[in-house]
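Asker: The structure follows.
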Amino acid sequence: MQSAGTDQRHLTRRPHQPPSVFRPVPPGELDDAVAAFLRAPENTPVPVVVEGRADLAHSVGLAARLYDGTLRPEPVDHGVVLGPEDLPPAALALARPLARTWLTLDELERLPRECRGTALLVATYDRLRLDPVRALLLATYRAEDAGLCVLSGRDADSLLWNVAKQYARTDSALTRLGLFTDTDRPTPTDDVRVYDDRSFERLDIQSEILAHPWRKLVFQGHGKDDSINLGEFTICGLSALAPRDDRLLGPRCAYGLPCYKPEDKLVPLNRVAAAEVVLSACNSGPLADLALYDPRYQLLLNALDGPARTVVSAVSVHDSDRPENVAWLRTATTGADSVDTLNASLAGSHPYPAFMRFGMPAPADPSRPAPRPSDHRPDELLLTVGHRLTALLAGELLPHNHALRPRLAKLARKTDQWVARPTHAADESPAAIRASLEADLQSLDHVIARQVADNPETELMNYPAHFGDRSRLDEDVREVVCHCGRPAQRFVRRGLLPHVLDTVCVVCMRCGDVTFRVPDAPELLAYAADEVEQGGVLEVRAELTAARPGPVRLGLFVPTYLREDTTVEPALTKVKGTDRAAGDVTFRVRFAPDTAPQAYYFTVFAVQDLAVSTARRHFGVVPRRS
């Protein structure tokens, strides 16, 4: 695991710093410079305009720490320019090779309906408005054959700078990856440095960020359009050279007030030397007509003015948390696209794309599968067990001092965590969660089965009456055959409250209550002779259909008044249930020679996943025949 502390190796500049891959030119020479560059774009400096823009000039210097050459990027399928009249011809010429086909404004309206492949939107920030960008975002979201990327900037010079950066080649020696989070404590990996709230208390985070060049960098925390909080440190979006529009709202500093955070711990985003920056905070990159603050303070625009070739920002609110951090950590070194990774992880929580890509998409790699959208569907067994735990703990079926309650409550807490999206999607794999759950269930099922065998009148066995009193009869009543061979009725009592389980009952006019179970619990029938002699053995065949493959504990008991005169073999047994396939288990009930002749009954029970199913059968003891 790499330390989040300062690594002196990364503070040492290489003795022969490569020349910048960008060439500042006067505005009057831009057209010729771009034309010359496009004739030989490989390893030729890209022309940019920084006249009057000290911030862009500084970013050109920072870029020398990130990029070691130029190349023509793989073009996307479609390109659209919003407001081409706002852009110099050279900027349009430099953007033209980035898409195979370019659409007119008239064709833009049908693009969301017909979009196939990836679309590139080129526009200054003021043109990135809800209409038409929202339609493009939604049309390309979750589409296997469609995508969207944007090249933008606060003005024409900034947009030219961002188009130019797409031709830059990241230095292969640049491998430093980082995640700074104020809301999570993810497990570090060998390849990614992780900084969390504990790091913020002991390290100079400002220096950690600004002193090193980064290949990819994630900032995750709370904030607004203008800032992201990292403990006492703040990622700041103020662009001091940008004009102030007094018609628009600004943060405190716009009105002469001090920053709400320590000003000596601000991190100017455009000073961060990173080839890719991910702004994982709500509203970190709003559309122009949805922005809270004046563009002078926008994080997104400040990042676009910096050296990052790719900026990932959130167009609105989102629930990015542990699953997204883990997904990014797992794929950061593979070349996977950060926007695709994060949006796929959030697909089970949002019907809209949370993140937008400012920059060209990562090159396609057939060996790297596209991230699968998460739908946050926990294991059905986990949900079933959660419902049963709620029924056992929330109602009055079990007394508050019942011996099972502490263990059930512990499993309920674990189940709650397992179902939660941060855990389900990140900390533990579904297989690990399932294995841990099944281990807990086997232990609890064993305890429940032993309690029932020792005391059939335990409170848990009163669940049919307890739940039934708080239920209504379902209209679907079916004719079935009792294990005595006579007709019977199967019906369901539907619980009226969230903590009242449904109960499935079978009643025979001859046998009375034949079977009880809750939904998705084992099904039981019991077969035996109608009579047994005093001192004889009654052989009982229990027919079991398990709710799922896995262990099922079975037992047989007789009424309390008969227990002294009988021996049950085996008292308890464990079998491996087979999903939806009946299996037989044999019990033998031995009777004392002086057992009183009369009618009796026995009950076979099965325990699986905290559910107890029962099947009752009447029989008679007759005098021994001489």
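Order determines the names: the first chain of the structure tokens is A, the second B, and so forth; residues in each chain are numbered 1 upward, and ligands are numbered 1 upward as they are shown.
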Neighbouring residues of Ala281 of chain A were defined as those with any atom within 6 Å, considering only C-alpha atoms; residues of the same chain fewer than 2 positions away were excluded. Please report them as a list in words.
Answerer: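 Near Ala281 of chain A, the qualifying residues are Gln220, Gly221, His222, Leu279 and Ser284 of chain A.
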Asker: Using only C-alpha atoms, determine which residues lie at most 12 Å from Asp594 of chain A, disregarding the query and same-chain residues fewer than 6 positions distant; provide the list as a list in words.
Answerer: Glu533, Gln534, Gly535, Gly536, Leu562, Glu564, Asp565, Thr566, Val621, Val622, Pro623 and Arg624 of chain A
Asker: What does the file look like for those residues with N, CA, C and O atoms, as a PDB file, in the first residue's frame?
Answerer:
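After the write, out.pdb holds the following:
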ATOM      1  N   GLU A 533     -49.604 -50.134  17.430  1.00  0.00           N
ATOM      2  CA  GLU A 533     -49.894 -50.867  18.665  1.00  0.00           C
ATOM      3  C   GLU A 533     -49.074 -50.321  19.824  1.00  0.00           C
ATOM      4  O   GLU A 533     -48.020 -49.734  19.643  1.00  0.00           O
ATOM      5  N   GLN A 534     -49.582 -50.559  21.040  1.00  0.00           N
ATOM      6  CA  GLN A 534     -48.805 -50.252  22.239  1.00  0.00           C
ATOM      7  C   GLN A 534     -47.458 -50.984  22.157  1.00  0.00           C
ATOM      8  O   GLN A 534     -47.399 -52.154  21.798  1.00  0.00           O
ATOM      9  N   GLY A 535     -46.389 -50.246  22.489  1.00  0.00           N
ATOM     10  CA  GLY A 535     -45.061 -50.846  22.417  1.00  0.00           C
ATOM     11  C   GLY A 535     -44.525 -50.959  21.010  1.00  0.00           C
ATOM     12  O   GLY A 535     -43.414 -51.461  20.813  1.00  0.00           O
ATOM     13  N   GLY A 536     -45.256 -50.489  20.020  1.00  0.00           N
ATOM     14  CA  GLY A 536     -44.828 -50.590  18.628  1.00  0.00           C
ATOM     15  C   GLY A 536     -44.052 -49.362  18.165  1.00  0.00           C
ATOM     16  O   GLY A 536     -43.729 -48.457  18.941  1.00  0.00           O
ATOM     17  N   LEU A 562     -47.574 -36.875  25.811  1.00  0.00           N
ATOM     18  CA  LEU A 562     -47.176 -38.167  25.259  1.00  0.00           C
ATOM     19  C   LEU A 562     -45.665 -38.366  25.281  1.00  0.00           C
ATOM     20  O   LEU A 562     -45.176 -39.466  25.027  1.00  0.00           O
ATOM     21  N   GLU A 564     -43.373 -38.648  27.575  1.00  0.00           N
ATOM     22  CA  GLU A 564     -42.757 -39.627  28.480  1.00  0.00           C
ATOM     23  C   GLU A 564     -42.951 -41.051  27.984  1.00  0.00           C
ATOM     24  O   GLU A 564     -42.219 -41.959  28.394  1.00  0.00           O
ATOM     25  N   ASP A 565     -43.924 -41.275  27.119  1.00  0.00           N
ATOM     26  CA  ASP A 565     -44.214 -42.625  26.631  1.00  0.00           C
ATOM     27  C   ASP A 565     -43.606 -42.902  25.265  1.00  0.00           C
ATOM     28  O   ASP A 565     -43.864 -43.959  24.675  1.00  0.00           O
ATOM     29  N   THR A 566     -42.828 -41.960  24.739  1.00  0.00           N
ATOM     30  CA  THR A 566     -42.306 -42.128  23.378  1.00  0.00           C
ATOM     31  C   THR A 566     -40.828 -41.785  23.302  1.00  0.00           C
ATOM     32  O   THR A 566     -40.292 -41.050  24.127  1.00  0.00           O
ATOM     33  N   VAL A 621     -53.197 -44.914  18.870  1.00  0.00           N
ATOM     34  CA  VAL A 621     -52.526 -46.047  19.527  1.00  0.00           C
ATOM     35  C   VAL A 621     -53.607 -47.046  19.924  1.00  0.00           C
ATOM     36  O   VAL A 621     -54.600 -46.664  20.567  1.00  0.00           O
ATOM     37  N   VAL A 622     -53.410 -48.279  19.531  1.00  0.00           N
ATOM     38  CA  VAL A 622     -54.407 -49.333  19.814  1.00  0.00           C
ATOM     39  C   VAL A 622     -53.776 -50.372  20.728  1.00  0.00           C
ATOM     40  O   VAL A 622     -52.549 -50.496  20.803  1.00  0.00           O
ATOM     41  N   PRO A 623     -54.609 -51.128  21.458  1.00  0.00           N
ATOM     42  CA  PRO A 623     -54.068 -52.181  22.337  1.00  0.00           C
ATOM     43  C   PRO A 623     -53.250 -53.193  21.537  1.00  0.00           C
ATOM     44  O   PRO A 623     -53.528 -53.447  20.364  1.00  0.00           O
ATOM     45  N   ARG A 624     -52.230 -53.719  22.210  1.00  0.00           N
ATOM     46  CA  ARG A 624     -51.381 -54.699  21.560  1.00  0.00           C
ATOM     47  C   ARG A 624     -52.197 -55.954  21.257  1.00  0.00           C
ATOM     48  O   ARG A 624     -52.930 -56.452  22.107  1.00  0.00           O
TER      49      ARG A 624
END
Asker: Pick out the residues sitting within 9 Å of Asp86 of chain A, and hand them over as a ChimeraX atom specification; count only C-alpha atoms, and ignore anything fewer than 6 positions along from it in its own chain.
Answerer: /A:123-124,155-156
Asker: Print the selection's residues with C-alpha atoms to a file, as an mmCIF file, in the first residue's frame.
Answerer:
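The new file selection_38.cif reads:
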data_model
loop_
_atom_site.group_PDB
_atom_site.id
_atom_site.type_symbol
_atom_site.label_atom_id
_atom_site.label_comp_id
_atom_site.auth_asym_id
_atom_site.auth_seq_id
_atom_site.Cartn_x
_atom_site.Cartn_y
_atom_site.Cartn_z
ATOM 1 C CA ALA A 123 -19.257 25.341 -27.360
ATOM 2 C CA THR A 124 -18.281 28.115 -25.016
ATOM 3 C CA ASP A 155 -14.424 32.117 -23.684
ATOM 4 C CA ALA A 156 -12.925 31.433 -27.110
#
Asker: Restricting the calculation to only C-alpha atoms: of A:Val192, A:Val60, A:Val500, A:Met360, which residue gets closest to Phe22 of chain A?
Answerer: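 Of A:Val192, A:Val60, A:Val500, A:Met360, the one nearest Phe22 of chain A, counting only C-alpha atoms, is A:Val60.
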Asker: Would you mind reading off the distance between atom CA of Arg185 of chain A and atom CA of Ala275 of chain A, one decimal, in Å?
Answerer: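 Pair atom CA of Arg185 of chain A / atom CA of Ala275 of chain A returns 24.3 Å.
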Asker: Could you check how far atom CA of Gly231 of chain A sits from atom CA of Asp340 of chain A, in Å to one decimal?
Answerer: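 Atom-to-atom, atom CA of Gly231 of chain A to atom CA of Asp340 of chain A, that is 28.0 Å.
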Asker: Could you pull out the strand (DSSP E or B) residues of segment 188-381 of chain A from DSSP and send them as a PyMOL selection string?
Answerer: chain A and resi 193-195+214-220+223-224+227-230+233-236+266-268+274-280+310-314+355-358
Asker: Leaving out Glu459 of chain A and any residue of its chain fewer than 4 positions from it, which residues lie within 10 Å of it when counting only C-alpha atoms, given as a list in words?
Answerer: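 Final neighbour list, sorted by chain and number: Glu396, Leu397, Leu398, Pro399, His402, Val452, Asn455, Tyr463 and His466 of chain A.
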Asker: Write out the residues from the selection above, keeping C-alpha atoms, as a short mmCIF file (atom, residue, chain, number, x, y, z; two decimals), in the first residue's frame.
Answerer:
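As written to disk, result29.cif reads:
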data_model
loop_
_atom_site.label_atom_id
_atom_site.label_comp_id
_atom_site.auth_asym_id
_atom_site.auth_seq_id
_atom_site.Cartn_x
_atom_site.Cartn_y
_atom_site.Cartn_z
CA GLU A 396 -44.68 -9.05 19.94
CA LEU A 397 -44.27 -12.64 18.78
CA LEU A 398 -41.06 -13.01 20.76
CA PRO A 399 -40.91 -11.55 24.28
CA HIS A 402 -36.35 -13.99 24.51
CA VAL A 452 -38.41 -26.35 19.10
CA ASN A 455 -39.91 -27.19 23.86
CA TYR A 463 -46.48 -17.63 14.64
CA HIS A 466 -49.95 -14.44 15.98
#
Asker: If you count only C-alpha atoms, which residues fall within 6 Å of segment 501-512 of chain A, apart from same-chain ones fewer than 4 positions away, as a CSV table (one decimal) with all heavy atoms, in the first residue's frame?
Answerer:
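part30.csv was written with the following content:
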chain,number,residue,atom,x,y,z
A,488,ALA,N,-58.6,-31.1,0.7
A,488,ALA,CA,-58.2,-30.0,1.7
A,488,ALA,C,-58.2,-28.7,0.9
A,488,ALA,O,-58.2,-28.6,-0.3
A,488,ALA,CB,-56.9,-30.3,2.4
A,489,GLN,N,-58.1,-27.6,1.7
A,489,GLN,CA,-58.0,-26.3,1.1
A,489,GLN,C,-56.7,-25.6,1.5
A,489,GLN,O,-56.3,-25.6,2.7
A,489,GLN,CB,-59.2,-25.4,1.5
A,489,GLN,CG,-60.5,-25.8,0.9
A,489,GLN,CD,-61.7,-24.9,1.4
A,489,GLN,OE1,-61.8,-24.7,2.6
A,489,GLN,NE2,-62.4,-24.4,0.5
A,490,ARG,N,-56.1,-25.0,0.5
A,490,ARG,CA,-54.9,-24.2,0.7
A,490,ARG,C,-55.3,-22.7,0.6
A,490,ARG,O,-55.8,-22.3,-0.4
A,490,ARG,CB,-53.8,-24.6,-0.3
A,490,ARG,CG,-52.5,-23.7,-0.1
A,490,ARG,CD,-51.6,-24.0,-1.3
A,490,ARG,NE,-50.4,-23.1,-1.3
A,490,ARG,CZ,-50.4,-21.8,-1.7
A,490,ARG,NH1,-51.5,-21.3,-2.1
A,490,ARG,NH2,-49.3,-21.1,-1.7
A,491,PHE,N,-54.9,-21.9,1.6
A,491,PHE,CA,-55.2,-20.5,1.5
A,491,PHE,C,-54.1,-19.7,2.2
A,491,PHE,O,-53.2,-20.2,2.9
A,491,PHE,CB,-56.6,-20.2,2.2
A,491,PHE,CG,-56.7,-20.7,3.6
A,491,PHE,CD1,-56.3,-19.8,4.7
A,491,PHE,CD2,-57.1,-22.0,3.9
A,491,PHE,CE1,-56.4,-20.2,6.0
A,491,PHE,CE2,-57.2,-22.4,5.2
A,491,PHE,CZ,-56.8,-21.5,6.3
A,492,VAL,N,-54.1,-18.4,2.0
A,492,VAL,CA,-53.1,-17.5,2.5
A,492,VAL,C,-53.7,-16.4,3.3
A,492,VAL,O,-54.7,-15.8,2.9
A,492,VAL,CB,-52.2,-16.9,1.3
A,492,VAL,CG1,-51.1,-16.0,1.9
A,492,VAL,CG2,-51.6,-18.0,0.5
A,493,ARG,N,-53.1,-16.1,4.4
A,493,ARG,CA,-53.5,-15.0,5.2
A,493,ARG,C,-52.5,-13.9,5.0
A,493,ARG,O,-51.3,-14.1,5.3
A,493,ARG,CB,-53.6,-15.4,6.7
A,493,ARG,CG,-54.7,-16.3,7.0
A,493,ARG,CD,-54.6,-16.9,8.4
A,493,ARG,NE,-55.7,-17.7,8.8
A,493,ARG,CZ,-55.6,-18.6,9.8
A,493,ARG,NH1,-54.5,-18.8,10.5
A,493,ARG,NH2,-56.7,-19.4,10.1
A,494,ARG,N,-52.9,-12.7,4.5
A,494,ARG,CA,-52.0,-11.6,4.2
A,494,ARG,C,-51.9,-10.7,5.4
A,494,ARG,O,-52.8,-10.2,5.9
A,494,ARG,CB,-52.6,-10.8,3.0
A,494,ARG,CG,-52.8,-11.7,1.7
A,494,ARG,CD,-51.5,-12.1,1.1
A,494,ARG,NE,-51.7,-12.8,-0.1
A,494,ARG,CZ,-50.7,-13.5,-0.8
A,494,ARG,NH1,-49.5,-13.4,-0.3
A,494,ARG,NH2,-51.0,-14.1,-1.9
A,495,GLY,N,-50.6,-10.5,5.8
A,495,GLY,CA,-50.3,-9.6,6.9
A,495,GLY,C,-50.8,-8.2,6.6
A,495,GLY,O,-50.6,-7.7,5.5
A,516,PHE,N,-48.5,-25.4,8.1
A,516,PHE,CA,-48.3,-24.0,8.2
A,516,PHE,C,-46.9,-23.7,7.8
A,516,PHE,O,-46.0,-24.4,8.1
A,516,PHE,CB,-48.5,-23.5,9.7
A,516,PHE,CG,-49.9,-23.5,10.2
A,516,PHE,CD1,-50.2,-24.4,11.2
A,516,PHE,CD2,-50.8,-22.7,9.7
A,516,PHE,CE1,-51.5,-24.4,11.8
A,516,PHE,CE2,-52.1,-22.7,10.2
A,516,PHE,CZ,-52.5,-23.5,11.3
A,517,ARG,N,-46.8,-22.6,7.1
A,517,ARG,CA,-45.5,-22.1,6.7
A,517,ARG,C,-45.7,-20.6,6.3
A,517,ARG,O,-46.8,-20.1,6.1
A,517,ARG,CB,-44.9,-22.9,5.5
A,517,ARG,CG,-45.6,-22.8,4.2
A,517,ARG,CD,-45.0,-23.7,3.2
A,517,ARG,NE,-45.7,-23.7,1.9
A,517,ARG,CZ,-45.4,-22.8,0.9
A,517,ARG,NH1,-44.4,-21.9,1.1
A,517,ARG,NH2,-46.1,-22.8,-0.2
A,518,VAL,N,-44.5,-19.9,6.1
A,518,VAL,CA,-44.6,-18.6,5.6
A,518,VAL,C,-44.1,-18.7,4.1
A,518,VAL,O,-43.5,-19.7,3.7
A,518,VAL,CB,-43.6,-17.6,6.4
A,518,VAL,CG1,-44.2,-17.5,7.8
A,518,VAL,CG2,-42.2,-18.1,6.3
Asker: Return the single residue from A:Pro430, A:Pro570, A:Pro519, A:Gly28 that is closest to His387 of chain A, with distances computed using only C-alpha atoms.
Answerer: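 Nearest to His387 of chain A: A:Pro519.
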Asker: Return the single residue from A:Ala364, A:Ala611, A:Leu381, A:Val278 that is closest to Ala332 of chain A, with distances computed using only C-alpha atoms.
Answerer: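 Ranked by minimum distance to Ala332 of chain A, first place goes to A:Val278.
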Asker: Taking only C-alpha atoms into account, name the residue in A:Ala606, A:Leu496, A:Leu460, A:Ala344 that is nearest to Ala327 of chain A.
Answerer: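 Nearest to Ala327 of chain A: A:Ala344.
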